[in-house]
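The structure file data04.tsv is reproduced below (TSV, N, CA and C atoms).
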chain	number	residue	atom	x	y	z
A	1	MET	N	16.80	17.71	180.28
A	1	MET	CA	16.81	16.44	180.93
A	1	MET	C	16.66	16.69	182.42
A	2	THR	N	15.69	16.06	183.07
A	2	THR	CA	15.51	16.20	184.49
A	2	THR	C	15.86	14.89	185.16
A	3	LEU	N	16.82	14.94	186.05
A	3	LEU	CA	17.26	13.75	186.77
A	3	LEU	C	17.16	14.03	188.25
A	4	GLU	N	16.83	13.00	189.02
A	4	GLU	CA	16.75	13.20	190.46
A	4	GLU	C	18.13	13.46	191.05
A	5	ARG	N	18.16	14.16	192.15
A	5	ARG	CA	19.42	14.53	192.79
A	5	ARG	C	20.07	13.30	193.42
A	6	THR	N	21.35	13.15	193.17
A	6	THR	CA	22.13	12.10	193.80
A	6	THR	C	23.37	12.72	194.40
A	7	GLU	N	23.81	12.20	195.50
A	7	GLU	CA	25.02	12.70	196.14
A	7	GLU	C	26.23	12.03	195.52
A	8	PRO	N	27.28	12.80	195.23
A	8	PRO	CA	28.50	12.18	194.74
A	8	PRO	C	29.06	11.27	195.81
A	9	ARG	N	29.59	10.14	195.40
A	9	ARG	CA	30.16	9.24	196.38
A	9	ARG	C	31.32	8.49	195.77
A	10	ARG	N	32.13	7.96	196.62
A	10	ARG	CA	33.28	7.18	196.20
A	10	ARG	C	33.27	5.90	197.00
A	11	ILE	N	33.46	4.80	196.33
A	11	ILE	CA	33.55	3.51	197.00
A	11	ILE	C	34.97	3.34	197.52
A	12	PRO	N	35.15	2.98	198.79
A	12	PRO	CA	36.51	2.82	199.33
A	12	PRO	C	37.34	1.88	198.47
A	13	ASP	N	38.59	2.23	198.30
A	13	ASP	CA	39.55	1.44	197.53
A	13	ASP	C	39.23	1.35	196.04
A	14	GLU	N	38.30	2.13	195.57
A	14	GLU	CA	37.99	2.15	194.14
A	14	GLU	C	39.05	2.99	193.42
A	15	ARG	N	39.52	2.49	192.30
A	15	ARG	CA	40.50	3.23	191.51
A	15	ARG	C	39.80	4.40	190.81
A	16	LEU	N	40.58	5.44	190.50
A	16	LEU	CA	40.02	6.64	189.88
A	16	LEU	C	39.28	6.30	188.59
A	17	GLU	N	39.85	5.44	187.75
A	17	GLU	CA	39.17	5.10	186.49
A	17	GLU	C	37.85	4.39	186.74
A	18	GLU	N	37.75	3.63	187.83
A	18	GLU	CA	36.49	2.98	188.18
A	18	GLU	C	35.47	4.01	188.66
A	19	THR	N	35.92	4.99	189.44
A	19	THR	CA	35.04	6.06	189.92
A	19	THR	C	34.49	6.86	188.75
A	20	LEU	N	35.35	7.23	187.81
A	20	LEU	CA	34.91	7.97	186.63
A	20	LEU	C	33.94	7.14	185.79
A	21	GLY	N	34.28	5.89	185.56
A	21	GLY	CA	33.43	5.01	184.76
A	21	GLY	C	32.07	4.80	185.37
A	22	ARG	N	32.03	4.62	186.69
A	22	ARG	CA	30.75	4.42	187.38
A	22	ARG	C	29.90	5.66	187.27
A	23	ALA	N	30.51	6.84	187.41
A	23	ALA	CA	29.75	8.09	187.29
A	23	ALA	C	29.14	8.23	185.89
A	24	VAL	N	29.91	7.91	184.87
A	24	VAL	CA	29.41	7.98	183.49
A	24	VAL	C	28.25	7.01	183.30
A	25	ARG	N	28.44	5.77	183.74
A	25	ARG	CA	27.38	4.75	183.58
A	25	ARG	C	26.10	5.17	184.30
A	26	GLU	N	26.23	5.63	185.56
A	26	GLU	CA	25.04	6.02	186.32
A	26	GLU	C	24.31	7.18	185.67
A	27	TRP	N	25.06	8.19	185.21
A	27	TRP	CA	24.42	9.36	184.58
A	27	TRP	C	23.77	8.96	183.27
A	28	ARG	N	24.44	8.11	182.50
A	28	ARG	CA	23.88	7.65	181.22
A	28	ARG	C	22.58	6.89	181.45
A	29	GLU	N	22.58	6.00	182.44
A	29	GLU	CA	21.38	5.22	182.73
A	29	GLU	C	20.23	6.09	183.22
A	30	LYS	N	20.53	7.08	184.07
A	30	LYS	CA	19.49	7.99	184.55
A	30	LYS	C	18.91	8.81	183.42
A	31	ALA	N	19.75	9.10	182.43
A	31	ALA	CA	19.29	9.86	181.26
A	31	ALA	C	18.52	8.98	180.28
A	32	GLY	N	18.49	7.67	180.53
A	32	GLY	CA	17.80	6.76	179.62
A	32	GLY	C	18.52	6.60	178.30
A	33	MET	N	19.83	6.74	178.33
A	33	MET	CA	20.64	6.71	177.12
A	33	MET	C	21.38	5.37	177.02
A	34	THR	N	21.50	4.85	175.83
A	34	THR	CA	22.28	3.64	175.61
A	34	THR	C	23.75	4.01	175.42
A	35	GLN	N	24.62	3.02	175.54
A	35	GLN	CA	26.04	3.25	175.25
A	35	GLN	C	26.22	3.68	173.81
A	36	THR	N	25.44	3.11	172.92
A	36	THR	CA	25.53	3.46	171.50
A	36	THR	C	25.18	4.92	171.27
A	37	ARG	N	24.12	5.39	171.92
A	37	ARG	CA	23.72	6.79	171.76
A	37	ARG	C	24.77	7.73	172.34
A	38	LEU	N	25.31	7.40	173.52
A	38	LEU	CA	26.36	8.22	174.10
A	38	LEU	C	27.58	8.25	173.19
A	39	ALA	N	27.90	7.12	172.59
A	39	ALA	CA	29.02	7.06	171.65
A	39	ALA	C	28.78	8.00	170.47
A	40	GLU	N	27.57	7.97	169.93
A	40	GLU	CA	27.24	8.84	168.79
A	40	GLU	C	27.38	10.31	169.17
A	41	LEU	N	26.86	10.68	170.33
A	41	LEU	CA	26.87	12.08	170.75
A	41	LEU	C	28.27	12.57	171.12
A	42	SER	N	29.13	11.66	171.58
A	42	SER	CA	30.46	12.07	172.02
A	42	SER	C	31.54	11.85	170.96
A	43	GLY	N	31.19	11.17	169.87
A	43	GLY	CA	32.17	10.91	168.82
A	43	GLY	C	33.10	9.75	169.15
A	44	LEU	N	32.70	8.93	170.10
A	44	LEU	CA	33.49	7.75	170.47
A	44	LEU	C	32.81	6.50	169.93
A	45	THR	N	33.41	5.36	170.14
A	45	THR	CA	32.77	4.11	169.76
A	45	THR	C	32.04	3.54	170.97
A	46	GLN	N	31.10	2.65	170.71
A	46	GLN	CA	30.39	1.98	171.81
A	46	GLN	C	31.38	1.18	172.64
A	47	ALA	N	32.36	0.56	172.00
A	47	ALA	CA	33.37	-0.22	172.73
A	47	ALA	C	34.18	0.68	173.67
A	48	ALA	N	34.49	1.90	173.23
A	48	ALA	CA	35.23	2.83	174.07
A	48	ALA	C	34.40	3.24	175.28
A	49	ILE	N	33.10	3.46	175.08
A	49	ILE	CA	32.20	3.80	176.19
A	49	ILE	C	32.16	2.64	177.18
A	50	SER	N	32.06	1.43	176.67
A	50	SER	CA	32.03	0.25	177.54
A	50	SER	C	33.30	0.14	178.37
A	51	ARG	N	34.45	0.31	177.74
A	51	ARG	CA	35.73	0.25	178.47
A	51	ARG	C	35.78	1.33	179.55
A	52	LEU	N	35.34	2.53	179.21
A	52	LEU	CA	35.32	3.63	180.16
A	52	LEU	C	34.42	3.29	181.35
A	53	GLU	N	33.20	2.84	181.08
A	53	GLU	CA	32.25	2.56	182.15
A	53	GLU	C	32.70	1.42	183.06
A	54	HIS	N	33.49	0.52	182.53
A	54	HIS	CA	33.97	-0.62	183.33
A	54	HIS	C	35.33	-0.36	183.98
A	55	GLY	N	35.81	0.87	183.87
A	55	GLY	CA	37.06	1.23	184.52
A	55	GLY	C	38.27	0.58	183.91
A	56	LYS	N	38.20	0.25	182.64
A	56	LYS	CA	39.30	-0.43	181.95
A	56	LYS	C	40.29	0.52	181.31
A	57	CYS	N	40.02	1.83	181.38
A	57	CYS	CA	40.93	2.82	180.82
A	57	CYS	C	40.88	4.08	181.67
A	58	MET	N	41.94	4.84	181.62
A	58	MET	CA	41.99	6.12	182.32
A	58	MET	C	41.67	7.21	181.31
A	59	PRO	N	40.48	7.80	181.39
A	59	PRO	CA	40.11	8.81	180.40
A	59	PRO	C	40.90	10.10	180.58
A	60	THR	N	41.14	10.77	179.48
A	60	THR	CA	41.81	12.07	179.51
A	60	THR	C	40.76	13.15	179.79
A	61	PHE	N	41.22	14.33	180.14
A	61	PHE	CA	40.29	15.44	180.35
A	61	PHE	C	39.53	15.79	179.06
A	62	PRO	N	40.19	15.82	177.90
A	62	PRO	CA	39.42	16.10	176.68
A	62	PRO	C	38.33	15.05	176.42
A	63	LEU	N	38.59	13.80	176.72
A	63	LEU	CA	37.57	12.77	176.53
A	63	LEU	C	36.41	13.00	177.49
A	64	MET	N	36.71	13.32	178.75
A	64	MET	CA	35.64	13.57	179.71
A	64	MET	C	34.85	14.82	179.34
A	65	GLU	N	35.52	15.80	178.72
A	65	GLU	CA	34.80	16.98	178.25
A	65	GLU	C	33.80	16.59	177.15
A	66	ARG	N	34.20	15.69	176.26
A	66	ARG	CA	33.30	15.21	175.20
A	66	ARG	C	32.10	14.49	175.80
A	67	ILE	N	32.33	13.70	176.85
A	67	ILE	CA	31.24	12.97	177.51
A	67	ILE	C	30.29	13.98	178.16
A	68	ALA	N	30.84	14.94	178.89
A	68	ALA	CA	30.01	15.95	179.55
A	68	ALA	C	29.19	16.73	178.53
A	69	ARG	N	29.82	17.09	177.40
A	69	ARG	CA	29.11	17.81	176.34
A	69	ARG	C	27.97	16.95	175.78
A	70	ALA	N	28.21	15.66	175.60
A	70	ALA	CA	27.18	14.76	175.09
A	70	ALA	C	25.99	14.69	176.05
A	71	PHE	N	26.26	14.79	177.35
A	71	PHE	CA	25.19	14.79	178.35
A	71	PHE	C	24.55	16.16	178.51
A	72	GLY	N	25.19	17.20	177.97
A	72	GLY	CA	24.71	18.56	178.20
A	72	GLY	C	24.88	18.94	179.66
A	73	SER	N	25.95	18.46	180.26
A	73	SER	CA	26.17	18.61	181.69
A	73	SER	C	27.56	19.14	181.99
A	74	THR	N	27.73	19.53	183.23
A	74	THR	CA	29.03	19.91	183.75
A	74	THR	C	29.57	18.72	184.54
A	75	LEU	N	30.83	18.43	184.38
A	75	LEU	CA	31.48	17.34	185.12
A	75	LEU	C	32.28	17.96	186.26
A	76	LEU	N	32.01	17.51	187.47
A	76	LEU	CA	32.73	18.00	188.64
A	76	LEU	C	33.58	16.86	189.21
A	77	VAL	N	34.86	17.11	189.38
A	77	VAL	CA	35.78	16.15	189.97
A	77	VAL	C	36.41	16.84	191.17
A	78	ALA	N	36.24	16.25	192.35
A	78	ALA	CA	36.81	16.83	193.57
A	78	ALA	C	37.86	15.89	194.14
A	79	VAL	N	39.00	16.44	194.45
A	79	VAL	CA	40.07	15.69	195.08
A	79	VAL	C	40.12	16.15	196.54
A	80	GLU	N	39.79	15.23	197.44
A	80	GLU	CA	39.72	15.57	198.85
A	80	GLU	C	40.77	14.79	199.63
A	81	PRO	N	41.73	15.48	200.22
A	81	PRO	CA	42.77	14.77	200.99
A	81	PRO	C	42.14	13.87	202.06
A	82	GLY	N	42.57	12.64	202.05
A	82	GLY	CA	42.06	11.66	203.01
A	82	GLY	C	40.73	11.04	202.64
A	83	ARG	N	40.06	11.59	201.63
A	83	ARG	CA	38.76	11.05	201.23
A	83	ARG	C	38.75	10.57	199.79
A	84	GLY	N	39.82	10.86	199.05
A	84	GLY	CA	39.91	10.40	197.67
A	84	GLY	C	39.26	11.35	196.70
A	85	VAL	N	38.74	10.79	195.64
A	85	VAL	CA	38.17	11.56	194.54
A	85	VAL	C	36.69	11.28	194.42
A	86	THR	N	35.89	12.33	194.24
A	86	THR	CA	34.47	12.16	193.95
A	86	THR	C	34.20	12.75	192.58
A	87	VAL	N	33.27	12.13	191.88
A	87	VAL	CA	32.93	12.54	190.52
A	87	VAL	C	31.42	12.66	190.43
A	88	THR	N	30.95	13.74	189.85
A	88	THR	CA	29.51	13.89	189.64
A	88	THR	C	29.27	14.75	188.40
A	89	PHE	N	28.11	14.56	187.81
A	89	PHE	CA	27.66	15.39	186.70
A	89	PHE	C	26.58	16.31	187.22
A	90	VAL	N	26.52	17.52	186.69
A	90	VAL	CA	25.49	18.49	187.04
A	90	VAL	C	24.77	18.86	185.75
A	91	GLY	N	23.45	18.64	185.73
A	91	GLY	CA	22.67	18.94	184.54
A	91	GLY	C	22.57	20.43	184.31
A	92	SER	N	22.15	20.80	183.13
A	92	SER	CA	22.04	22.22	182.77
A	92	SER	C	21.01	22.93	183.65
A	93	ASP	N	20.09	22.16	184.26
A	93	ASP	CA	19.10	22.76	185.15
A	93	ASP	C	19.55	22.75	186.61
A	94	GLY	N	20.82	22.35	186.85
A	94	GLY	CA	21.35	22.35	188.21
A	94	GLY	C	21.21	21.05	188.95
A	95	THR	N	20.57	20.04	188.35
A	95	THR	CA	20.42	18.77	189.03
A	95	THR	C	21.76	18.05	189.08
A	96	VAL	N	21.96	17.33	190.16
A	96	VAL	CA	23.19	16.57	190.36
A	96	VAL	C	22.87	15.11	190.21

For this file, produce the structure as structure tokens.
Amino acid sequence: MTLERTEPRRIPDERLEETLGRAVREWREKAGMTQTRLAELSGLTQAAISRLEHGKCMPTFPLMERIARAFGSTLLVAVEPGRGVTVTFVGSDGTV
């Protein structure tokens, strides 16, 4: 999968679950994948993917590992004092 490079970013005052959900939604859309397909690949339901993408739940690390595996990507989460949390996926070819 080849995706154009995007810089990780965080929207001010965004909750962590919203940041994670937005990152999943953006990566899924860039991959041309539906919520249903991501659900199939990750072993989750489409409803669970929707809740995740809309920041309605706080995903666990094992769940995020399943999502990253479904994308064939590495998930990077950075906690920066004073700047909050940034989330990005890195494709197997190194694209961000």

In Å, with one decimal, what is the gap from atom CA of Gln46 of chain A to atom CA of Gly84 of chain A?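 Separating atom CA of Gln46 of chain A from atom CA of Gly84 of chain A is a distance of 28.8 Å.
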
Find the distance between atom C of Glu53 of chain A and atom CA of Glu18 of chain A and write it in Å to one decimal.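 Taking atom C of Glu53 of chain A and atom CA of Glu18 of chain A, their separation equals 6.6 Å.
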
Using all atoms listed in the file, which residues sit within 8 Å of Thr74 of chain A once same-chain residues fewer than 4 positions away are excluded, as a PyMOL selection string? chain A and resi 67-69+88-92

Record the distance separating atom N of Gly72 of chain A and atom N of Glu26 of chain A, expressed in Å with one decimal.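 These atoms are spaced 13.9 Å apart.
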
Closest of A:Phe71, A:Leu52, A:Glu17, A:Ala47 to Glu29 of chain A - atom-to-atom distances counting only C-alpha atoms: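 Between A:Phe71, A:Leu52, A:Glu17, A:Ala47, the residue approaching Glu29 of chain A most closely is A:Phe71.
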
If I wrap all listed atoms of segment 38-43 of chain A in a box with edges along x, y and z and add 3 Å on each side, what are its centre and edge lengths in Å to one decimal, as lines of an AutoDock Vina configuration file?
center_x = 29.2
center_y = 9.8
center_z = 171.4
size_x = 13.8
size_y = 11.5
size_z = 11.3

Go through chain A and collect every residue that DSSP, computed from the backbone, puts in helix (DSSP H, G or I); the answer should be as number ranges by chain. A: 16-30, 35-42, 46-53, 61-71

From the list A:Glu14, A:Leu20, A:Ala31, A:Gly43, which residue is nearest Pro59 of chain A when using only N, CA and C atoms? A:Leu20

Where in segment 51-93 of chain A does DSSP assign strand (DSSP E or B), given as a list in words? Ser73, Thr74, Leu75, Leu76, Val77, Ala78, Val79, Glu80, Gly84, Val85, Thr86, Val87, Thr88, Phe89, Val90 and Gly91 of chain A
